[in-house]
Amino acid sequence: MSGRKLLLDKDHIPGIQGLNVYRQNGGYASLEKALKQMSPEQVLEEVKTSGLRGRGGAGFPTGMKWSFLAKPAGVARYLVCNADESEPGTFKDRYLMEHIPHLLIEGMITSAYALGANTSYIYIRGEYFYVARILENAIAEAYEAGLLGKNIFNSGFDHDCHVQIGAGAYICGEETALLESLEGKRGNPRIKPPFPAVAGLYGCPTVVNNVETIAAVVPIVRDGGAAYASIGVGKSTGTKLISASGHINKPGVYEIELGVPVEEFIYSDTYCGGMRNGKKLKAVVAGGSSVPILPADLILKTAAGEPRLMTYESLADGGFASGTMLGSGGFIVMDEDSSIVKNLWNFTRFYHHESCGQCSPCREGTGWMEKILHKILDGHGSLTDVDLLWDIQAKIEGKTICPLGDAAAWPVASAIRHFRSEFEEYVRNGHSIRDVKHYYRLNNLAEA
Amino acid sequence: MDTARRIIRRYPEGKQKSALIPLLHLAQAEFDGWLSPGAMDYVASILQLQPIEAYEVASFYSMFNLKPKGKCVLEVCRTSSCWLLGAEDIVRHIEKKLNIREGETTEDGMFTLKTVECLGSCGTAPMLQCGGDYYENLTLEKVDLLMDEMRLSGKRRVYTKDEPIKID
């Protein structure tokens, strides 16, 4: 592993936020190459060759998604960037947009060229207001320099890019809810089909891609899809931004070559720098709050005893029985003092709060799960409550319009699967030894 | 109105409803940090929408306040990493210091304490947002300092304008 970087290789250069410094460092060369030397189909082919997969969480091959785009004559097509980064534990897109905004803008124009879209929108979550302003400045600079607007690089390609601000709703990260929101409505996911590739924004063919996915198009066009595909392991090609947080020494955004061993990622000084205060690793949520939580032994090694790697396939090895998902790359690390039950309650409260309310299993189920967990934490739980939790999550999974239901169910299922004894400890004692530790720490008392 | 017109021009002819969320943000910033029925009616009329279309959107999104709030709404992130690293302690501390509970406003109308879900600042947890600004890697001392500075400035803090108060 040589630790190559493709997205965050220049983020440390002073002034890289501005157009001049960005261009002095090779910025907009990919756009120029695409517009002057390549046809839209050739750009699409390079993206297909690269093996790039959606970086927002689902990991769907980007080239394939692009090739599904319907192209009826005389109908506008849209590219929409999903910058509604709301998955707990994920903050990579914010970092990218804040530190190197032109990388996203360049990726937007290049991708739009491949798709034949003359208008694109960057839908950014409302809380990132200051980041939206950074993007708006970058877009204004790009217009000024003729990189946006009419006849870019004398290619005959016109493109307009706008920033759209959200207003606080996790569900708008789901692509059809995002489109609803962009149309000025409540963020209720749509029933699919039709998929956005056929009927998306304003009923027109639309591609929705994550910030990191669109940014990755820039190095793919620059170096070629094959060069991108040469990085990584198997079908996990290229680099990935990982948002590392929790009980580690060095939280932050790291660009890794896919294939770094999880153990190296947690303990190496290049990345997380090991556990805080010399504590032991207890569990990891590897891809944002929605993916199954894994205990230390299963995150470091697969059930078969192989070292687990940071790839889509390796993290998923063993299915949900003993594996998890790479998801959005929101890597949350918990030390030995963490309470899995309390953490689960925290996640479940989140999903209850963020459920849009369209589908009964999700709207009601998340509420019930939160209530039961609260009851268990309050010391009034019984062993049948743990079974009830299991039962409810199974009745949500796969029974809703959008994946929020699954996202709410998986953390519950995995916590019970791997940490059942901790639930039972709460039920039997009415509290957990970890609560006592927390109480002592809060009140600055020595532990008895 | 110029800003509103500029926003509406971003969308194709007849799709001006897309401007609803940006305009509600502007209205909230303009009208004392909350959306009264009158303010929502006004936005709806600019976009030639039925008032209900503005109400149903405003009530869906957590950043829109449908009741008056304090000048500084302290929005403490309560999810995942922030929670693991002491968000609860921050909330309790503010509650004690301001003598209010979560969701309430101080008697002088200066502060509202609100807990919110993940704000994408997990690597710099715990954190809170006030207006358009993020305050990260919080300690109880930093929170005290921040509240003192805010009280001193006495200004209403809204999402659309950022005049950061530096505490580092």
# chains A, B, ... in the order shown; residues from 1 in each chain; ligands from 1
>>> residues_around(residues="stretch 136-147 of chain A", least_positions_apart="4", cutoff="8 Å", atoms="only C-alpha atoms", output="number ranges by chain")
A: 17-19, 101-102, 105, 132, 152-153, 161-163
>>> write_last_selection(atoms="C-alpha atoms", output="JSON list (two decimals), in the first residue's frame")
[["chain", "number", "residue", "atom", "x", "y", "z"],
["A", 17, "GLN", "CA", -10.22, 27.05, -2.22],
["A", 18, "GLY", "CA", -9.80, 29.77, -4.86],
["A", 19, "LEU", "CA", -9.94, 29.21, -8.60],
["A", 101, "PRO", "CA", -14.75, 23.19, -3.59],
["A", 102, "HIS", "CA", -13.58, 23.46, -7.19],
["A", 105, "ILE", "CA", -17.54, 21.92, -9.41],
["A", 132, "ALA", "CA", -23.01, 26.38, 0.60],
["A", 152, "ILE", "CA", -17.34, 26.15, -22.23],
["A", 153, "PHE", "CA", -13.80, 25.82, -23.70],
["A", 161, "CYS", "CA", -24.78, 24.83, -11.89],
["A", 162, "HIS", "CA", -26.74, 25.97, -8.82],
["A", 163, "VAL", "CA", -26.55, 25.32, -5.10]]
>>> interface_residues(of="chain A", to="chain B", cutoff="6 Å", atoms="only C-alpha atoms", output="PDB file with N, CA and C atoms, in the first residue's frame")
ATOM      1  N   PRO A  88     -25.257   9.685  10.414  1.00  0.00           N
ATOM      2  CA  PRO A  88     -24.414   9.898  11.582  1.00  0.00           C
ATOM      3  C   PRO A  88     -23.055   9.212  11.442  1.00  0.00           C
ATOM      4  N   GLY A  89     -22.004   9.947  11.732  1.00  0.00           N
ATOM      5  CA  GLY A  89     -20.658   9.428  11.617  1.00  0.00           C
ATOM      6  C   GLY A  89     -19.970   9.815  10.320  1.00  0.00           C
ATOM      7  N   THR A  90     -20.679  10.529   9.442  1.00  0.00           N
ATOM      8  CA  THR A  90     -20.120  10.859   8.131  1.00  0.00           C
ATOM      9  C   THR A  90     -19.929  12.365   7.995  1.00  0.00           C
ATOM     10  N   PHE A  91     -18.705  12.778   7.643  1.00  0.00           N
ATOM     11  CA  PHE A  91     -18.452  14.213   7.479  1.00  0.00           C
ATOM     12  C   PHE A  91     -17.405  14.469   6.398  1.00  0.00           C
ATOM     13  N   PHE A 129     -24.782  25.679   5.852  1.00  0.00           N
ATOM     14  CA  PHE A 129     -24.984  26.975   5.185  1.00  0.00           C
ATOM     15  C   PHE A 129     -23.659  27.611   4.780  1.00  0.00           C
ATOM     16  N   ALA A 167     -33.116  22.006   4.594  1.00  0.00           N
ATOM     17  CA  ALA A 167     -33.551  22.668   5.817  1.00  0.00           C
ATOM     18  C   ALA A 167     -33.619  21.714   7.008  1.00  0.00           C
ATOM     19  N   GLY A 168     -32.804  20.665   6.971  1.00  0.00           N
ATOM     20  CA  GLY A 168     -32.759  19.798   8.136  1.00  0.00           C
ATOM     21  C   GLY A 168     -33.689  18.617   8.028  1.00  0.00           C
ATOM     22  N   ALA A 169     -33.275  17.566   7.313  1.00  0.00           N
ATOM     23  CA  ALA A 169     -34.056  16.337   7.220  1.00  0.00           C
ATOM     24  C   ALA A 169     -33.133  15.248   6.675  1.00  0.00           C
ATOM     25  N   LEU A 182     -36.045  19.218  -3.556  1.00  0.00           N
ATOM     26  CA  LEU A 182     -35.545  20.170  -4.549  1.00  0.00           C
ATOM     27  C   LEU A 182     -36.701  20.786  -5.342  1.00  0.00           C
ATOM     28  N   GLU A 183     -37.805  20.069  -5.418  1.00  0.00           N
ATOM     29  CA  GLU A 183     -38.985  20.619  -6.102  1.00  0.00           C
ATOM     30  C   GLU A 183     -39.830  21.473  -5.164  1.00  0.00           C
ATOM     31  N   GLY A 184     -39.341  21.647  -3.916  1.00  0.00           N
ATOM     32  CA  GLY A 184     -40.048  22.523  -2.991  1.00  0.00           C
ATOM     33  C   GLY A 184     -41.134  21.825  -2.195  1.00  0.00           C
ATOM     34  N   LYS A 185     -40.963  20.517  -1.975  1.00  0.00           N
ATOM     35  CA  LYS A 185     -41.984  19.763  -1.239  1.00  0.00           C
ATOM     36  C   LYS A 185     -41.395  19.134   0.020  1.00  0.00           C
ATOM     37  N   ARG A 186     -42.255  18.456   0.786  1.00  0.00           N
ATOM     38  CA  ARG A 186     -41.784  17.665   1.912  1.00  0.00           C
ATOM     39  C   ARG A 186     -40.900  16.539   1.370  1.00  0.00           C
ATOM     40  N   SER A 245     -14.305   8.674  13.601  1.00  0.00           N
ATOM     41  CA  SER A 245     -14.666   9.420  14.804  1.00  0.00           C
ATOM     42  C   SER A 245     -14.863   8.462  15.966  1.00  0.00           C
ATOM     43  N   GLY A 246     -15.128   9.009  17.128  1.00  0.00           N
ATOM     44  CA  GLY A 246     -15.325   8.193  18.323  1.00  0.00           C
ATOM     45  C   GLY A 246     -14.077   8.164  19.177  1.00  0.00           C
ATOM     46  N   PRO A 251      -9.253  11.551  15.258  1.00  0.00           N
ATOM     47  CA  PRO A 251     -10.448  11.578  14.408  1.00  0.00           C
ATOM     48  C   PRO A 251     -10.221  12.502  13.216  1.00  0.00           C
ATOM     49  N   GLY A 252     -10.914  12.238  12.128  1.00  0.00           N
ATOM     50  CA  GLY A 252     -10.776  13.106  10.961  1.00  0.00           C
ATOM     51  C   GLY A 252     -11.126  12.389   9.682  1.00  0.00           C
TER      52      GLY A 252
END
>>> residues_around(residues="stretch 147-152 of chain B", least_positions_apart="4", cutoff="12 Å", atoms="only C-alpha atoms", output="PDB file with N, CA and C atoms, in the first residue's frame")
ATOM      1  N   GLY B  70     -35.268  32.152  21.049  1.00  0.00           N
ATOM      2  CA  GLY B  70     -34.323  33.134  21.567  1.00  0.00           C
ATOM      3  C   GLY B  70     -33.441  33.674  20.450  1.00  0.00           C
ATOM      4  N   LYS B  71     -32.702  34.758  20.796  1.00  0.00           N
ATOM      5  CA  LYS B  71     -31.826  35.353  19.777  1.00  0.00           C
ATOM      6  C   LYS B  71     -30.738  34.376  19.349  1.00  0.00           C
ATOM      7  N   CYS B  72     -30.245  33.589  20.295  1.00  0.00           N
ATOM      8  CA  CYS B  72     -29.238  32.587  19.968  1.00  0.00           C
ATOM      9  C   CYS B  72     -29.820  31.213  20.249  1.00  0.00           C
ATOM     10  N   VAL B  73     -30.052  30.454  19.197  1.00  0.00           N
ATOM     11  CA  VAL B  73     -30.550  29.089  19.376  1.00  0.00           C
ATOM     12  C   VAL B  73     -29.320  28.174  19.430  1.00  0.00           C
ATOM     13  N   LEU B  74     -29.061  27.605  20.598  1.00  0.00           N
ATOM     14  CA  LEU B  74     -27.915  26.716  20.760  1.00  0.00           C
ATOM     15  C   LEU B  74     -28.374  25.320  20.357  1.00  0.00           C
ATOM     16  N   HIS B  93     -25.100  20.834  31.174  1.00  0.00           N
ATOM     17  CA  HIS B  93     -24.377  22.018  31.619  1.00  0.00           C
ATOM     18  C   HIS B  93     -25.113  23.296  31.208  1.00  0.00           C
ATOM     19  N   ILE B  94     -25.567  23.332  29.971  1.00  0.00           N
ATOM     20  CA  ILE B  94     -26.282  24.531  29.500  1.00  0.00           C
ATOM     21  C   ILE B  94     -27.607  24.668  30.245  1.00  0.00           C
ATOM     22  N   LYS B  97     -26.818  26.065  33.650  1.00  0.00           N
ATOM     23  CA  LYS B  97     -26.303  27.431  33.591  1.00  0.00           C
ATOM     24  C   LYS B  97     -27.412  28.427  33.231  1.00  0.00           C
ATOM     25  N   LEU B  98     -28.292  28.051  32.314  1.00  0.00           N
ATOM     26  CA  LEU B  98     -29.331  28.978  31.860  1.00  0.00           C
ATOM     27  C   LEU B  98     -30.645  28.774  32.604  1.00  0.00           C
ATOM     28  N   THR B 106     -34.703  31.156  27.450  1.00  0.00           N
ATOM     29  CA  THR B 106     -34.479  31.912  28.693  1.00  0.00           C
ATOM     30  C   THR B 106     -35.476  33.063  28.783  1.00  0.00           C
ATOM     31  N   ASP B 108     -35.088  36.145  29.367  1.00  0.00           N
ATOM     32  CA  ASP B 108     -34.701  37.383  28.678  1.00  0.00           C
ATOM     33  C   ASP B 108     -34.718  37.234  27.152  1.00  0.00           C
ATOM     34  N   GLY B 109     -35.091  36.054  26.670  1.00  0.00           N
ATOM     35  CA  GLY B 109     -35.194  35.853  25.219  1.00  0.00           C
ATOM     36  C   GLY B 109     -33.852  35.770  24.517  1.00  0.00           C
ATOM     37  N   MET B 110     -32.793  35.548  25.288  1.00  0.00           N
ATOM     38  CA  MET B 110     -31.456  35.528  24.690  1.00  0.00           C
ATOM     39  C   MET B 110     -31.130  34.157  24.096  1.00  0.00           C
ATOM     40  N   PHE B 111     -31.418  33.099  24.856  1.00  0.00           N
ATOM     41  CA  PHE B 111     -31.010  31.761  24.412  1.00  0.00           C
ATOM     42  C   PHE B 111     -32.183  30.787  24.321  1.00  0.00           C
ATOM     43  N   THR B 112     -32.127  29.928  23.311  1.00  0.00           N
ATOM     44  CA  THR B 112     -32.992  28.743  23.271  1.00  0.00           C
ATOM     45  C   THR B 112     -32.052  27.548  23.207  1.00  0.00           C
ATOM     46  N   LEU B 113     -32.352  26.517  23.989  1.00  0.00           N
ATOM     47  CA  LEU B 113     -31.544  25.298  23.928  1.00  0.00           C
ATOM     48  C   LEU B 113     -32.316  24.244  23.134  1.00  0.00           C
ATOM     49  N   LEU B 128     -21.713  22.188  18.762  1.00  0.00           N
ATOM     50  CA  LEU B 128     -23.036  22.794  18.663  1.00  0.00           C
ATOM     51  C   LEU B 128     -23.031  23.788  17.521  1.00  0.00           C
ATOM     52  N   CYS B 130     -24.796  27.417  16.133  1.00  0.00           N
ATOM     53  CA  CYS B 130     -25.627  28.571  16.470  1.00  0.00           C
ATOM     54  C   CYS B 130     -25.637  29.471  15.254  1.00  0.00           C
ATOM     55  N   GLY B 131     -26.809  29.736  14.712  1.00  0.00           N
ATOM     56  CA  GLY B 131     -26.882  30.440  13.438  1.00  0.00           C
ATOM     57  C   GLY B 131     -26.158  29.620  12.392  1.00  0.00           C
ATOM     58  N   TYR B 135     -19.489  25.271  16.238  1.00  0.00           N
ATOM     59  CA  TYR B 135     -18.517  25.352  17.328  1.00  0.00           C
ATOM     60  C   TYR B 135     -18.159  23.924  17.717  1.00  0.00           C
ATOM     61  N   LEU B 140     -16.764  22.167  28.468  1.00  0.00           N
ATOM     62  CA  LEU B 140     -17.726  22.980  29.219  1.00  0.00           C
ATOM     63  C   LEU B 140     -17.231  24.423  29.308  1.00  0.00           C
ATOM     64  N   GLU B 141     -15.910  24.613  29.435  1.00  0.00           N
ATOM     65  CA  GLU B 141     -15.341  25.967  29.517  1.00  0.00           C
ATOM     66  C   GLU B 141     -15.599  26.742  28.224  1.00  0.00           C
ATOM     67  N   LYS B 142     -15.415  26.050  27.099  1.00  0.00           N
ATOM     68  CA  LYS B 142     -15.646  26.713  25.808  1.00  0.00           C
ATOM     69  C   LYS B 142     -17.099  27.138  25.672  1.00  0.00           C
ATOM     70  N   VAL B 143     -18.006  26.289  26.153  1.00  0.00           N
ATOM     71  CA  VAL B 143     -19.434  26.610  26.065  1.00  0.00           C
ATOM     72  C   VAL B 143     -19.722  27.857  26.889  1.00  0.00           C
ATOM     73  N   ARG B 156     -29.002  38.785  17.282  1.00  0.00           N
ATOM     74  CA  ARG B 156     -29.695  37.574  16.847  1.00  0.00           C
ATOM     75  C   ARG B 156     -28.818  36.850  15.847  1.00  0.00           C
ATOM     76  N   ARG B 157     -28.742  35.549  15.984  1.00  0.00           N
ATOM     77  CA  ARG B 157     -27.897  34.777  15.068  1.00  0.00           C
ATOM     78  C   ARG B 157     -28.783  33.919  14.165  1.00  0.00           C
ATOM     79  N   GLU B 163     -21.402  35.604  11.303  1.00  0.00           N
ATOM     80  CA  GLU B 163     -20.417  36.526  11.879  1.00  0.00           C
ATOM     81  C   GLU B 163     -19.843  35.762  13.047  1.00  0.00           C
ATOM     82  N   PRO B 164     -18.920  34.844  12.751  1.00  0.00           N
ATOM     83  CA  PRO B 164     -18.504  33.912  13.791  1.00  0.00           C
ATOM     84  C   PRO B 164     -17.945  34.597  15.035  1.00  0.00           C
ATOM     85  N   ILE B 165     -18.303  34.041  16.157  1.00  0.00           N
ATOM     86  CA  ILE B 165     -17.673  34.440  17.412  1.00  0.00           C
ATOM     87  C   ILE B 165     -16.527  33.476  17.625  1.00  0.00           C
ATOM     88  N   LYS B 166     -15.335  33.998  17.719  1.00  0.00           N
ATOM     89  CA  LYS B 166     -14.159  33.124  17.860  1.00  0.00           C
ATOM     90  C   LYS B 166     -13.929  32.823  19.343  1.00  0.00           C
ATOM     91  N   ILE B 167     -13.773  31.537  19.626  1.00  0.00           N
ATOM     92  CA  ILE B 167     -13.476  31.195  21.018  1.00  0.00           C
ATOM     93  C   ILE B 167     -12.197  30.387  21.134  1.00  0.00           C
TER      94      ILE B 167
END
>>> closest_residue(among="A:Gly273, A:Gly357, A:Gly305, A:Gly26", to="A:Arg222", atoms="only C-alpha atoms")
A:Gly26
>>> select_by_dssp(residues="stretch 147-301 of chain A", states="strand (DSSP E)", output="PyMOL selection string")
chain A and resi 149-152+157-165+206-210+232-233+236-237+239-246+252-257+281-285+293-295
>>> atom_distance(atom1="atom CA of A:Ser111", atom2="atom CA of A:Pro72")
18.6 Å
>>> select_by_dssp(residues="stretch 320-359 of chain A", states="alpha helix (DSSP H)", output="list in words")
Phe320, Ala321, Ser322, Ile340, Val341, Lys342, Asn343, Leu344, Trp345, Asn346, Phe347, Thr348, Arg349, Phe350, Tyr351, His352, His353 and Glu354 of chain A
>>> residues_around(residues="A:Glu212", least_positions_apart="3", cutoff="8 Å", atoms="only C-alpha atoms", output="JSON, numbers by chain")
{"A": [55, 56, 93, 96, 104, 215, 216, 241]}
>>> write_last_selection(atoms="C-alpha atoms", output="short mmCIF file (atom, residue, chain, number, x, y, z; two decimals), in the first residue's frame")
data_model
loop_
_atom_site.label_atom_id
_atom_site.label_comp_id
_atom_site.auth_asym_id
_atom_site.auth_seq_id
_atom_site.Cartn_x
_atom_site.Cartn_y
_atom_site.Cartn_z
CA ARG A 55 -19.68 6.77 -2.47
CA GLY A 56 -22.83 7.86 -0.67
CA ASP A 93 -18.27 15.54 1.93
CA LEU A 96 -14.12 18.04 0.63
CA LEU A 104 -16.65 19.19 -6.92
CA ALA A 215 -15.28 14.47 -7.38
CA ALA A 216 -13.74 11.09 -8.28
CA LEU A 241 -12.78 9.00 2.02
#
>>> residues_around(residues="stretch 84-86 of chain A", least_positions_apart="4", cutoff="6 Å", atoms="only C-alpha atoms", output="list in words")
Ile124, Arg125, Tyr170 and Gly173 of chain A
>>> atom_distance(atom1="atom CA of A:Val43", atom2="atom CA of A:Ala70")
17.0 Å
>>> atom_distance(atom1="atom CA of A:Ser243", atom2="atom CA of A:Lys92")
5.6 Å
>>> residues_around(residues="stretch 378-381 of chain A", least_positions_apart="2", cutoff="7 Å", atoms="only C-alpha atoms", output="number ranges by chain")
A: 374-376, 383, 385, 426-427, 430-431
>>> residues_around(residues="B:Ala39", least_positions_apart="3", cutoff="12 Å", atoms="only C-alpha atoms", output="JSON, numbers by chain")
{"B": [23, 24, 25, 26, 27, 28, 29, 30, 31, 32, 33, 34, 35, 36, 42, 43, 44, 45, 46, 51, 54, 55, 58, 64, 65, 66, 67]}
